[in-house]
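So this one's my_file_28.cif, mmCIF, C-alpha atoms:
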```cif
data_query
loop_
_atom_site.label_atom_id
_atom_site.label_comp_id
_atom_site.auth_asym_id
_atom_site.auth_seq_id
_atom_site.Cartn_x
_atom_site.Cartn_y
_atom_site.Cartn_z
CA MET A 1309 10.10 -72.88 192.21
CA SER A 1310 11.42 -71.40 195.45
CA TRP A 1311 14.40 -69.08 195.74
CA ALA A 1312 17.22 -69.38 198.29
CA LEU A 1313 18.45 -66.07 199.65
CA LEU A 1314 21.80 -65.73 201.40
CA ILE A 1315 23.15 -62.41 202.64
CA GLN A 1316 26.81 -62.28 203.57
CA ARG A 1317 28.66 -59.56 205.33
CA VAL A 1318 32.38 -59.96 204.85
CA GLU A 1319 34.67 -57.46 206.54
CA SER A 1320 38.34 -56.99 207.08
CA ASN A 1321 39.35 -54.99 210.14
CA ALA A 1322 35.78 -53.70 210.31
CA ASP A 1323 36.23 -51.38 213.23
CA ARG A 1324 39.42 -49.88 211.83
CA SER A 1325 37.83 -49.42 208.37
CA ARG A 1326 34.81 -47.81 209.93
CA ASP A 1327 36.97 -45.36 211.88
CA SER A 1328 39.36 -44.49 209.07
CA GLY A 1329 36.85 -44.56 206.22
CA TYR A 1330 39.19 -46.81 204.23
CA PRO A 1331 37.11 -49.36 202.27
CA HIS A 1332 38.72 -52.80 202.15
CA PRO A 1333 38.04 -54.93 199.04
CA TRP A 1334 36.41 -57.62 201.19
CA SER A 1335 34.00 -55.18 202.79
CA ARG A 1336 30.96 -56.02 200.66
CA TYR A 1337 27.50 -57.37 201.24
CA HIS A 1338 26.36 -60.08 198.85
CA LEU A 1339 23.05 -61.74 198.09
CA ALA A 1340 23.17 -65.17 196.49
CA ILE A 1341 19.96 -66.21 194.73
CA GLY A 1342 19.21 -69.55 193.15
CA SER A 1343 16.52 -72.12 192.57
CA ALA A 1344 16.59 -74.29 195.66
CA TYR A 1345 15.37 -77.54 197.14
CA PRO A 1346 16.59 -79.51 200.21
CA ALA A 1347 19.50 -81.90 199.71
CA ARG A 1348 19.18 -85.17 201.60
CA ALA A 1349 22.77 -85.65 202.61
CA ALA A 1350 24.06 -82.09 202.55
CA ARG A 1351 26.06 -80.66 205.44
CA ALA A 1352 25.18 -77.43 207.18
CA HIS A 1353 27.34 -74.44 206.40
CA THR A 1354 29.97 -73.49 208.97
CA LYS A 1355 32.54 -70.77 208.96
CA GLU A 1356 35.19 -73.28 208.04
CA ASP A 1357 33.18 -74.29 204.95
CA THR A 1358 32.95 -70.80 203.52
CA PRO A 1359 35.50 -69.48 201.05
CA TYR A 1360 35.72 -66.19 202.93
CA PHE A 1361 36.92 -67.68 206.22
CA ARG A 1362 40.66 -68.01 206.75
CA ARG A 1363 42.17 -69.42 209.93
CA GLY A 1364 44.52 -67.00 211.63
CA LEU A 1365 42.49 -63.99 210.46
CA PRO A 1366 39.87 -63.54 213.19
CA ASP A 1367 39.04 -60.01 212.06
CA ARG A 1368 37.43 -61.42 208.87
CA GLU A 1369 33.82 -62.02 209.87
CA HIS A 1370 31.23 -64.13 208.02
CA VAL A 1371 27.60 -63.48 208.91
CA VAL A 1372 24.89 -65.75 207.46
CA GLY A 1373 21.33 -64.46 207.33
CA GLU A 1374 18.14 -66.02 205.93
CA GLY A 1375 18.47 -68.55 203.10
CA GLY A 1376 21.48 -70.72 202.46
CA VAL A 1377 20.29 -73.67 204.55
CA THR A 1378 16.95 -75.24 205.50
CA ASN A 1379 15.39 -75.01 208.95
CA ARG A 1380 16.98 -78.38 209.75
CA GLY A 1381 20.41 -77.16 208.72
CA HIS A 1382 20.65 -78.86 205.32
CA ALA A 1383 22.24 -76.96 202.47
CA LEU A 1384 19.98 -75.89 199.64
CA LYS A 1385 21.06 -77.26 196.27
CA GLY A 1386 20.67 -75.37 193.01
CA ALA A 1387 22.49 -72.86 190.84
CA LYS A 1388 23.24 -69.60 192.62
CA ARG A 1389 23.82 -66.13 191.30
CA ARG A 1390 25.66 -63.55 193.35
CA ILE A 1391 24.57 -59.93 193.31
CA SER A 1392 26.46 -57.12 195.00
CA LEU A 1393 24.28 -55.09 197.37
CA GLY A 1394 26.79 -52.38 198.00
CA THR A 1395 30.15 -51.57 199.55
CA TYR A 1396 30.83 -51.06 203.24
CA PRO A 1397 30.60 -48.51 204.81
CA GLU A 1398 28.57 -46.71 202.09
CA VAL A 1399 25.84 -49.34 202.51
CA SER A 1400 25.12 -50.23 206.11
CA LEU A 1401 24.22 -53.67 207.31
CA GLU A 1402 20.65 -52.51 207.87
CA SER A 1403 20.38 -51.26 204.26
CA ALA A 1404 21.78 -54.51 202.93
CA ARG A 1405 19.30 -56.49 205.01
CA ALA A 1406 16.47 -54.30 203.74
CA LYS A 1407 17.44 -55.07 200.13
CA ALA A 1408 17.62 -58.75 200.98
CA ASN A 1409 14.17 -58.66 202.59
CA GLN A 1410 12.77 -56.99 199.48
CA ALA A 1411 14.21 -59.77 197.31
CA LEU A 1412 12.83 -62.37 199.72
CA ALA A 1413 9.36 -60.83 199.45
CA GLU A 1414 9.56 -60.96 195.65
CA ALA A 1415 10.57 -64.61 195.78
CA LYS A 1416 7.61 -65.44 198.03
CA ARG A 1417 5.31 -63.84 195.45
CA GLY A 1418 6.77 -66.21 192.84
CA GLU A 1419 8.87 -63.51 191.15
CA CYS A 1420 12.52 -64.10 190.35
CA PRO A 1421 14.54 -61.38 192.14
CA ILE A 1422 17.18 -61.54 189.41
CA ASP A 1423 14.60 -60.69 186.76
CA GLN A 1424 13.23 -57.85 188.86
CA LEU A 1425 16.68 -56.34 189.30
CA GLU A 1426 17.37 -56.63 185.56
CA LYS A 1427 14.05 -54.95 184.76
CA ALA A 1428 14.84 -52.12 187.17
CA ALA A 1429 18.33 -51.70 185.70
CA THR A 1430 16.97 -51.55 182.15
CA ALA A 1431 13.82 -49.56 182.85
CA GLY A 1432 12.88 -47.77 179.65
CA GLY A 1433 15.20 -50.04 177.67
CA VAL A 1434 14.41 -51.23 174.18
CA THR A 1435 13.57 -54.75 173.18
CA VAL A 1436 15.33 -56.50 170.31
CA GLU A 1437 12.21 -55.97 168.20
CA ALA A 1438 12.15 -52.21 168.88
CA LEU A 1439 15.89 -51.97 168.20
CA ALA A 1440 15.40 -53.86 164.93
CA GLU A 1441 12.71 -51.47 163.71
CA LYS A 1442 14.89 -48.47 164.58
CA PHE A 1443 17.88 -50.11 162.88
CA LEU A 1444 15.90 -50.68 159.69
CA SER A 1445 14.43 -47.16 159.56
CA ASP A 1446 17.48 -45.17 160.73
CA TYR A 1447 20.26 -47.17 159.09
CA VAL A 1448 19.28 -49.72 156.44
CA HIS A 1449 16.68 -47.59 154.64
CA ILE A 1450 18.49 -44.25 155.00
CA LYS A 1451 21.72 -45.81 153.74
CA GLN A 1452 19.72 -47.38 150.87
CA LEU A 1453 21.51 -50.69 151.14
CA ARG A 1454 20.99 -53.05 148.22
CA ALA A 1455 20.80 -55.86 150.78
CA ALA A 1456 17.89 -54.15 152.56
CA ARG A 1457 15.52 -56.99 151.73
CA LYS A 1458 17.99 -59.54 153.12
CA TYR A 1459 18.21 -57.52 156.34
CA GLU A 1460 14.43 -57.30 156.63
CA MET A 1461 13.91 -61.00 155.99
CA ALA A 1462 16.52 -62.01 158.58
CA ILE A 1463 15.02 -59.65 161.15
CA ARG A 1464 11.32 -60.30 160.63
CA VAL A 1465 11.46 -64.05 159.92
CA HIS A 1466 14.10 -65.14 162.44
CA ILE A 1467 15.34 -62.49 164.88
CA VAL A 1468 12.03 -60.95 165.97
CA ASP A 1469 10.34 -64.34 166.04
CA GLY A 1470 13.10 -65.83 168.21
CA ILE A 1471 14.25 -63.09 170.60
CA GLY A 1472 12.10 -60.08 169.74
CA ARG A 1473 10.73 -59.63 173.29
CA VAL A 1474 14.12 -59.82 175.00
CA LEU A 1475 15.59 -56.55 176.24
CA ALA A 1476 18.55 -55.79 173.99
CA ASP A 1477 20.62 -54.55 176.94
CA VAL A 1478 20.44 -57.92 178.71
CA LEU A 1479 20.63 -60.19 175.66
CA THR A 1480 23.03 -63.04 176.48
CA ARG A 1481 25.24 -65.29 174.39
CA ASP A 1482 23.16 -68.28 175.44
CA GLN A 1483 20.06 -66.62 173.98
CA VAL A 1484 21.95 -65.83 170.77
CA ARG A 1485 23.22 -69.41 170.63
CA GLY A 1486 19.67 -70.71 171.07
CA LEU A 1487 18.50 -68.52 168.18
CA MET A 1488 21.38 -69.75 166.02
CA LYS A 1489 20.52 -73.40 166.70
CA LYS A 1490 16.87 -72.74 165.88
CA VAL A 1491 17.71 -71.08 162.56
CA LEU A 1492 20.16 -73.86 161.67
CA THR A 1493 17.26 -76.32 161.55
CA PRO A 1494 15.71 -76.16 158.05
CA VAL A 1495 11.94 -75.69 157.90
CA PRO A 1496 10.37 -77.10 154.70
CA ARG A 1497 7.99 -75.16 152.51
CA GLY A 1498 4.45 -74.97 153.88
CA ARG A 1499 1.24 -75.61 152.01
CA GLY A 1500 0.36 -71.96 151.56
CA SER A 1501 1.00 -70.25 148.24
CA ARG A 1502 3.29 -67.68 149.88
CA ASP A 1503 5.10 -70.11 152.18
CA ARG A 1504 8.82 -70.49 151.66
CA PRO A 1505 11.41 -72.88 153.11
CA ARG A 1506 13.29 -71.30 156.00
CA GLY A 1507 16.43 -71.92 157.99
CA GLY A 1508 19.67 -73.71 157.23
CA LYS A 1509 23.37 -72.92 157.43
CA GLU A 1510 23.33 -69.87 155.16
CA ALA A 1511 20.26 -68.46 156.91
CA ALA A 1512 22.01 -68.83 160.28
CA ARG A 1513 25.11 -67.13 158.87
CA THR A 1514 23.01 -64.21 157.65
CA VAL A 1515 21.06 -63.90 160.92
CA ILE A 1516 24.25 -63.81 163.02
CA ALA A 1517 25.82 -61.18 160.73
CA VAL A 1518 22.70 -58.96 160.76
CA LEU A 1519 22.20 -59.29 164.53
CA ARG A 1520 25.86 -58.48 165.23
CA LYS A 1521 25.72 -55.39 163.02
CA MET A 1522 22.43 -54.31 164.62
CA ILE A 1523 23.80 -54.55 168.18
CA ASN A 1524 27.00 -52.71 167.18
CA TRP A 1525 24.89 -49.96 165.62
CA GLY A 1526 22.76 -49.67 168.77
CA ILE A 1527 25.88 -49.34 170.95
CA ARG A 1528 27.48 -46.79 168.61
CA GLU A 1529 24.32 -44.68 168.42
CA LYS A 1530 23.83 -44.82 172.23
CA VAL A 1531 20.50 -46.56 171.80
CA LEU A 1532 21.77 -49.28 174.14
CA LYS A 1533 23.47 -48.89 177.51
CA ARG A 1534 25.62 -51.96 177.13
CA VAL A 1535 29.15 -51.77 175.78
CA ASP A 1536 29.67 -55.43 174.86
CA ASN A 1537 28.18 -57.31 171.92
CA PRO A 1538 27.02 -60.85 172.80
CA VAL A 1539 27.04 -61.84 169.11
CA THR A 1540 30.75 -61.16 168.56
CA GLY A 1541 32.55 -64.29 167.39
CA MET A 1542 29.36 -66.37 167.35
CA GLU A 1543 29.81 -67.15 163.64
CA ASP A 1544 32.85 -69.25 164.58
CA ASN A 1545 30.42 -71.86 165.93
CA LEU A 1546 28.77 -72.28 162.52
CA PRO A 1547 29.85 -74.90 159.98
CA GLN A 1548 32.65 -73.66 157.77
CA LYS A 1549 31.45 -72.22 154.50
CA ARG A 1550 32.55 -74.40 151.65
CA ARG A 1551 34.01 -72.78 148.57
CA LYS A 1552 32.11 -73.84 145.47
CA GLU A 1553 34.23 -75.18 142.62
CA ARG A 1554 31.72 -76.66 140.18
CA VAL A 1555 32.66 -75.95 136.56
CA LEU A 1556 30.66 -77.37 133.65
CA SER A 1557 32.55 -79.36 131.08
CA VAL A 1558 32.42 -78.33 127.43
CA GLU A 1559 29.86 -81.10 126.76
CA GLU A 1560 27.73 -80.04 129.75
CA ALA A 1561 27.85 -76.39 128.63
CA ARG A 1562 26.76 -77.39 125.12
CA LEU A 1563 23.92 -79.45 126.60
CA ALA A 1564 22.85 -76.52 128.84
CA TRP A 1565 22.78 -74.21 125.80
CA GLN A 1566 20.50 -76.60 123.91
CA ALA A 1567 18.24 -77.13 126.92
CA ALA A 1568 17.91 -73.37 127.47
CA GLY A 1569 16.51 -73.09 123.95
CA THR A 1570 13.59 -75.33 124.96
CA LEU A 1571 12.64 -73.37 128.10
CA GLY A 1572 11.27 -70.27 126.44
CA TYR A 1573 10.88 -66.83 128.02
CA PRO A 1574 12.06 -65.73 130.55
CA PHE A 1575 14.53 -68.35 131.82
CA GLY A 1576 15.69 -69.66 128.46
CA PRO A 1577 17.13 -66.34 127.20
CA VAL A 1578 18.57 -65.54 130.65
CA TYR A 1579 20.54 -68.79 130.84
CA ARG A 1580 21.98 -68.17 127.39
CA LEU A 1581 22.91 -64.57 128.22
CA ILE A 1582 24.76 -65.72 131.35
CA MET A 1583 26.82 -68.10 129.21
CA LEU A 1584 27.49 -65.38 126.61
CA THR A 1585 28.53 -62.62 129.06
CA GLY A 1586 29.64 -64.24 132.34
CA CYS A 1587 27.31 -61.96 134.31
CA ARG A 1588 25.71 -62.96 137.57
CA PRO A 1589 22.20 -64.43 137.26
CA GLY A 1590 20.79 -61.59 139.35
CA GLU A 1591 22.27 -58.96 137.04
CA TRP A 1592 20.22 -60.23 134.09
CA ALA A 1593 17.20 -60.85 136.34
CA ARG A 1594 17.25 -57.16 137.38
CA CYS A 1595 18.19 -55.77 133.96
CA VAL A 1596 16.09 -52.79 132.80
CA ARG A 1597 15.78 -51.29 129.33
CA SER A 1598 17.88 -48.23 130.21
CA TYR A 1599 20.95 -50.43 130.81
CA LEU A 1600 21.07 -51.52 127.17
CA ASP A 1601 22.78 -49.74 124.30
CA LEU A 1602 22.18 -52.15 121.43
CA LYS A 1603 23.69 -49.78 118.85
CA GLN A 1604 27.02 -49.95 120.67
CA ALA A 1605 26.33 -53.56 121.75
CA LEU A 1606 26.83 -52.74 125.45
CA MET A 1607 25.04 -53.27 128.74
CA ILE A 1608 25.98 -50.55 131.24
CA ILE A 1609 25.03 -51.30 134.86
CA PRO A 1610 25.13 -48.15 137.05
CA ALA A 1611 27.11 -48.15 140.29
CA ASP A 1612 24.04 -47.96 142.55
CA ALA A 1613 22.71 -51.19 141.01
CA TYR A 1614 25.98 -53.12 140.93
CA LYS A 1615 27.38 -55.34 143.67
CA SER A 1616 30.84 -53.75 143.74
CA ASP A 1617 29.53 -50.15 143.76
CA HIS A 1618 31.07 -49.18 140.45
CA VAL A 1619 29.83 -48.85 136.88
CA HIS A 1620 30.14 -52.15 135.05
CA VAL A 1621 30.25 -52.19 131.26
CA VAL A 1622 29.42 -55.51 129.62
CA PRO A 1623 30.23 -55.96 125.91
CA LEU A 1624 27.49 -57.84 124.09
CA VAL A 1625 28.69 -60.34 121.51
CA PRO A 1626 26.51 -60.51 118.35
CA LEU A 1627 24.56 -63.55 119.59
CA ALA A 1628 23.80 -61.81 122.91
CA ALA A 1629 22.59 -58.66 121.10
CA GLN A 1630 20.37 -60.80 118.83
CA THR A 1631 18.91 -62.56 121.87
CA LEU A 1632 18.01 -59.23 123.48
CA GLU A 1633 16.50 -57.87 120.28
CA TYR A 1634 14.35 -61.01 120.05
CA VAL A 1635 13.19 -60.64 123.68
CA LEU A 1636 12.37 -56.93 123.30
CA ALA A 1637 10.46 -57.55 120.07
CA ASP A 1638 8.49 -60.67 121.06
CA TYR A 1639 7.96 -59.94 124.78
CA PRO A 1640 7.34 -56.20 125.09
CA ILE A 1641 7.03 -54.90 128.65
CA ASP A 1642 4.40 -52.20 129.20
CA GLN A 1643 3.80 -52.17 132.98
CA GLY A 1644 7.36 -51.90 134.29
CA ALA A 1645 11.02 -51.56 133.43
CA TYR A 1646 12.39 -55.06 133.95
CA ILE A 1647 13.13 -56.91 130.71
CA PHE A 1648 12.91 -60.39 132.25
CA SER A 1649 9.90 -60.62 134.49
CA GLY A 1650 6.95 -62.79 135.31
CA THR A 1651 4.87 -59.72 136.24
CA ASN A 1652 5.00 -57.79 132.97
CA GLY A 1653 8.03 -55.80 134.06
CA LYS A 1654 6.76 -54.67 137.47
CA ARG A 1655 9.18 -56.87 139.42
CA PRO A 1656 12.49 -58.53 138.49
CA LEU A 1657 12.68 -62.18 137.56
CA SER A 1658 12.26 -64.56 140.52
CA GLY A 1659 11.47 -68.22 141.06
CA TRP A 1660 14.98 -69.47 140.32
CA SER A 1661 14.55 -72.73 142.22
CA LYS A 1662 11.62 -73.81 140.05
CA GLY A 1663 13.19 -72.40 136.90
CA HIS A 1664 16.44 -74.28 137.49
CA ALA A 1665 14.56 -77.51 138.20
CA ARG A 1666 12.97 -77.10 134.76
CA MET A 1667 16.43 -76.50 133.29
CA LEU A 1668 17.83 -79.75 134.73
CA ARG A 1669 14.81 -81.70 133.47
CA ALA A 1670 15.26 -80.14 130.03
CA MET A 1671 18.92 -81.22 130.01
CA CYS A 1672 17.86 -84.78 130.83
CA ALA A 1673 15.31 -84.68 128.01
CA VAL A 1674 17.83 -83.35 125.49
CA SER A 1675 20.56 -85.80 126.47
CA GLY A 1676 18.30 -88.79 126.95
CA GLU A 1677 19.87 -89.41 130.37
CA ARG A 1678 17.76 -90.09 133.48
CA THR A 1679 19.89 -87.93 135.74
CA ILE A 1680 22.32 -85.04 135.43
CA VAL A 1681 25.14 -83.91 137.72
CA PRO A 1682 23.61 -80.98 139.68
CA TRP A 1683 24.87 -77.45 139.14
CA THR A 1684 23.63 -73.93 139.94
CA PRO A 1685 23.07 -70.88 137.70
CA HIS A 1686 26.11 -69.21 139.27
CA ASP A 1687 28.25 -72.15 138.14
CA LEU A 1688 27.80 -70.89 134.57
CA ARG A 1689 29.64 -67.69 135.52
CA ARG A 1690 32.49 -69.72 137.02
CA THR A 1691 32.55 -71.83 133.86
CA VAL A 1692 32.91 -68.74 131.66
CA ALA A 1693 35.81 -67.48 133.81
CA THR A 1694 37.50 -70.88 133.62
CA ARG A 1695 37.24 -71.09 129.82
CA ILE A 1696 38.66 -67.55 129.45
CA ALA A 1697 41.57 -68.48 131.76
CA GLU A 1698 42.28 -71.54 129.60
CA GLN A 1699 42.24 -69.35 126.51
CA LEU A 1700 44.47 -66.54 127.87
CA GLY A 1701 46.86 -68.58 129.96
CA VAL A 1702 49.20 -66.95 132.47
CA GLY A 1703 48.76 -63.17 132.78
CA GLY A 1704 45.10 -63.02 131.90
CA GLU A 1705 43.88 -62.36 135.45
CA GLN A 1706 43.33 -58.64 134.84
CA LEU A 1707 41.06 -59.26 131.85
CA ILE A 1708 39.15 -61.97 133.70
CA LYS A 1709 38.52 -59.51 136.56
CA ARG A 1710 37.16 -57.02 134.01
CA VAL A 1711 34.84 -59.57 132.44
CA LEU A 1712 33.52 -60.68 135.82
CA GLY A 1713 33.20 -57.10 137.07
CA HIS A 1714 35.24 -57.60 140.22
CA ALA A 1715 36.03 -54.49 142.22
CA ASP A 1716 39.02 -52.38 141.21
CA GLY A 1717 39.43 -49.34 143.45
CA SER A 1718 42.27 -47.69 141.56
CA VAL A 1719 41.82 -44.12 140.33
CA THR A 1720 42.46 -45.22 136.75
CA ALA A 1721 39.68 -47.80 136.94
CA ILE A 1722 37.22 -45.26 138.36
CA TYR A 1723 37.71 -42.83 135.48
CA ASN A 1724 38.32 -45.38 132.73
CA ARG A 1725 34.84 -46.95 132.78
CA TYR A 1726 35.13 -48.33 129.25
CA GLY A 1727 38.62 -49.76 129.67
CA TYR A 1728 39.32 -53.15 128.12
CA VAL A 1729 35.91 -53.31 126.38
CA LYS A 1730 37.56 -54.18 123.07
CA GLU A 1731 39.65 -56.93 124.68
CA MET A 1732 36.67 -58.20 126.68
CA ARG A 1733 34.54 -58.40 123.56
CA ALA A 1734 37.24 -60.30 121.69
CA VAL A 1735 37.71 -62.91 124.42
CA LEU A 1736 33.95 -63.44 124.82
CA GLU A 1737 33.50 -63.89 121.06
CA HIS A 1738 36.24 -66.50 120.87
#
```

Can the structure in the file be given as structure tokens, please?
Amino acid sequence: MSWALLIQRVESNADRSRDSGYPHPWSRYHLAIGSAYPARAARAHTKEDTPYFRRGLPDREHVVGEGGVTNRGHALKGAKRRISLGTYPEVSLESARAKANQALAEAKRGECPIDQLEKAATAGGVTVEALAEKFLSDYVHIKQLRAARKYEMAIRVHIVDGIGRVLADVLTRDQVRGLMKKVLTPVPRGRGSRDRPRGGKEAARTVIAVLRKMINWGIREKVLKRVDNPVTGMEDNLPQKRRKERVLSVEEARLAWQAAGTLGYPFGPVYRLIMLTGCRPGEWARCVRSYLDLKQALMIIPADAYKSDHVHVVPLVPLAAQTLEYVLADYPIDQGAYIFSGTNGKRPLSGWSKGHARMLRAMCAVSGERTIVPWTPHDLRRTVATRIAEQLGVGGEQLIKRVLGHADGSVTAIYNRYGYVKEMRAVLEH
């Protein structure tokens, strides 16, 4: 790959500007650099061909130096990039030519002058990988975000692997778009025991959100010199997120309840507790013994462990309390705090994809059908909310919000942690 170099000196009333010291906007030296190769039928450049030449304005001078055309006068084809070398008269013609000669020497050595200028401009700059590590240590971990693991996975699996060596100050939208396209392509599970499927639409959505927040943080903390964020608005190029609306019918819910009874610990009791309380699957998966008050028949999730950053009180109907008493008695945990765990309490319940596949097979076995309409564990929560809405009718939105634990930032809600527990218990028992 060769590089075409073209230095242009464009002046307006050069002598007058030089005498008065008044810099005219056209008085600039430019260097155009691009990958080049001879064009067979290209015309040689003349003054009339240049955009800077205007008939009737003889004081506007166009000087062509090395580059631009071949020795035989043919134009060099290829994309060009224009770099300002300075403003006249602050930068003399000799200084501009010296800069052009330096770029020409770099091109002859096989080095892209554009890259060299970018490296010089960002000397001492941080790479995306270095920025990511600083972002994790100085923001994510200090702030103790509950989504810290999601941030780390997006950064280490996708961002660092894709653009980790790129200088964050010169990261372009095209590079971000290339990363987004790469993450959009799903990668199936490998053969290793710790391999996991990667990529997809939701992974790309997460990567773009994390990268945008990371660049904004770097700009705000003066870690980066740039003032623009190349990731801004990039999520608009992703497929629109579809709102899930799957609700199990009464017959499907009854079938799921029976199938859960055949699964055993830990997934069987968890599925039943979701149907009895309307909690998120992750809330029961991360439940610890200290959350439970079986005498009062309550589960109290502290604010630092809850999605909406407020204390959530869940009334336990008699069947839910009996299920928990059975789990605590028959599956005691002695190495950790998590009630539902595959590691004796050391880590919360995981493996939902395999567990749910077992659940769907159990439903087929119970019903005698070969297939079942697919649904997700979170669909059970939506089903509970739908059945409560059918029971309460118009005006029951406030109680549904309480059962689901949706955020309520009012002062009354903050102080009245146990509000509506009696009503919530009654509607869940119905």

Region 1597-1614 of chain A surroundings by all atoms listed in the file, 7 Å radius, close-in-sequence under 3 positions cut, as a ChimeraX atom specification:
/A:1617-1624,1629,1645-1647

Target residues per the PyMOL selection byres ((chain A and resi 1648-1661) around 9), formatted as a PyMOL selection string
chain A and resi 1573-1575+1577-1578+1590+1592-1596+1635+1639-1647+1662-1666+1685

Chain and number of each residue from the PyMOL selection byres ((chain A and resi 1547-1557) around 9), as number ranges by chain:
A: 1509-1510, 1543-1546, 1558-1562, 1683-1684, 1687-1692, 1694

Mind writing the picked residues with C-alpha atoms as an mmCIF file, keeping the file's coordinate frame?
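And here is the file that came out, selection-v4.cif:
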```
data_model
loop_
_atom_site.group_PDB
_atom_site.id
_atom_site.type_symbol
_atom_site.label_atom_id
_atom_site.label_comp_id
_atom_site.auth_asym_id
_atom_site.auth_seq_id
_atom_site.Cartn_x
_atom_site.Cartn_y
_atom_site.Cartn_z
ATOM 1 C CA LYS A 1509 23.370 -72.920 157.430
ATOM 2 C CA GLU A 1510 23.330 -69.870 155.160
ATOM 3 C CA GLU A 1543 29.810 -67.150 163.640
ATOM 4 C CA ASP A 1544 32.850 -69.250 164.580
ATOM 5 C CA ASN A 1545 30.420 -71.860 165.930
ATOM 6 C CA LEU A 1546 28.770 -72.280 162.520
ATOM 7 C CA VAL A 1558 32.420 -78.330 127.430
ATOM 8 C CA GLU A 1559 29.860 -81.100 126.760
ATOM 9 C CA GLU A 1560 27.730 -80.040 129.750
ATOM 10 C CA ALA A 1561 27.850 -76.390 128.630
ATOM 11 C CA ARG A 1562 26.760 -77.390 125.120
ATOM 12 C CA TRP A 1683 24.870 -77.450 139.140
ATOM 13 C CA THR A 1684 23.630 -73.930 139.940
ATOM 14 C CA ASP A 1687 28.250 -72.150 138.140
ATOM 15 C CA LEU A 1688 27.800 -70.890 134.570
ATOM 16 C CA ARG A 1689 29.640 -67.690 135.520
ATOM 17 C CA ARG A 1690 32.490 -69.720 137.020
ATOM 18 C CA THR A 1691 32.550 -71.830 133.860
ATOM 19 C CA VAL A 1692 32.910 -68.740 131.660
ATOM 20 C CA THR A 1694 37.500 -70.880 133.620
#
```

Could you tell me which residues the PyMOL selection byres ((chain A and resi 1628) around 9) grabs in this file, written as a CSV table (one decimal) with C-alpha atoms, in the frame of the given file?
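As a result, expr23.csv now contains:
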```csv
chain,number,residue,atom,x,y,z
A,1580,ARG,CA,22.0,-68.2,127.4
A,1581,LEU,CA,22.9,-64.6,128.2
A,1584,LEU,CA,27.5,-65.4,126.6
A,1585,THR,CA,28.5,-62.6,129.1
A,1605,ALA,CA,26.3,-53.6,121.8
A,1624,LEU,CA,27.5,-57.8,124.1
A,1625,VAL,CA,28.7,-60.3,121.5
A,1626,PRO,CA,26.5,-60.5,118.4
A,1627,LEU,CA,24.6,-63.6,119.6
A,1629,ALA,CA,22.6,-58.7,121.1
A,1630,GLN,CA,20.4,-60.8,118.8
A,1631,THR,CA,18.9,-62.6,121.9
A,1632,LEU,CA,18.0,-59.2,123.5
A,1633,GLU,CA,16.5,-57.9,120.3
```

With distances taken over only C-alpha atoms, which of A:Met1667, A:Val1531, A:Ala1411, A:Cys1587 is nearest to Asp1446 (chain A)?
A:Val1531

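Across the model, the gap from CA of Ala1734 (chain A) to CA of Lys1709 (chain A) is 14.9 Å.
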
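Separating CA of Ala1462 (chain A) from CA of Gly1498 (chain A) is a distance of 18.3 Å.
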
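Going from CA of Gly1508 (chain A) over to CA of Asp1469 (chain A), you cover 15.9 Å.
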
Can you tell me, as a PyMOL selection string, what residues are no more than 8 Å from region 1532-1540 of chain A when counting all atoms listed in the file, ignoring any on the same chain fewer than 5 positions away?
chain A and resi 1433-1434+1476-1477+1479-1481+1484+1516+1519-1520+1523-1524+1526-1527

So that I can see what lies close to Ala1693 (chain A), please list as a count of residues only the residues with an atom at most 8 Å from it, counting all atoms listed in the file and leaving out residues fewer than 6 positions away in the same chain.
3

Shell of 8 Å around Glu1437 (chain A), all atoms listed in the file, local chain residues under 5 positions omitted, as a PyMOL selection string
chain A and resi 1467-1468+1471-1473

May I have the residues within 6 Å of Ala1512 (chain A) as a PyMOL selection string, using all atoms listed in the file and disregarding those fewer than 2 positions away in the same chain?
chain A and resi 1488+1491-1492+1509-1510+1514-1515
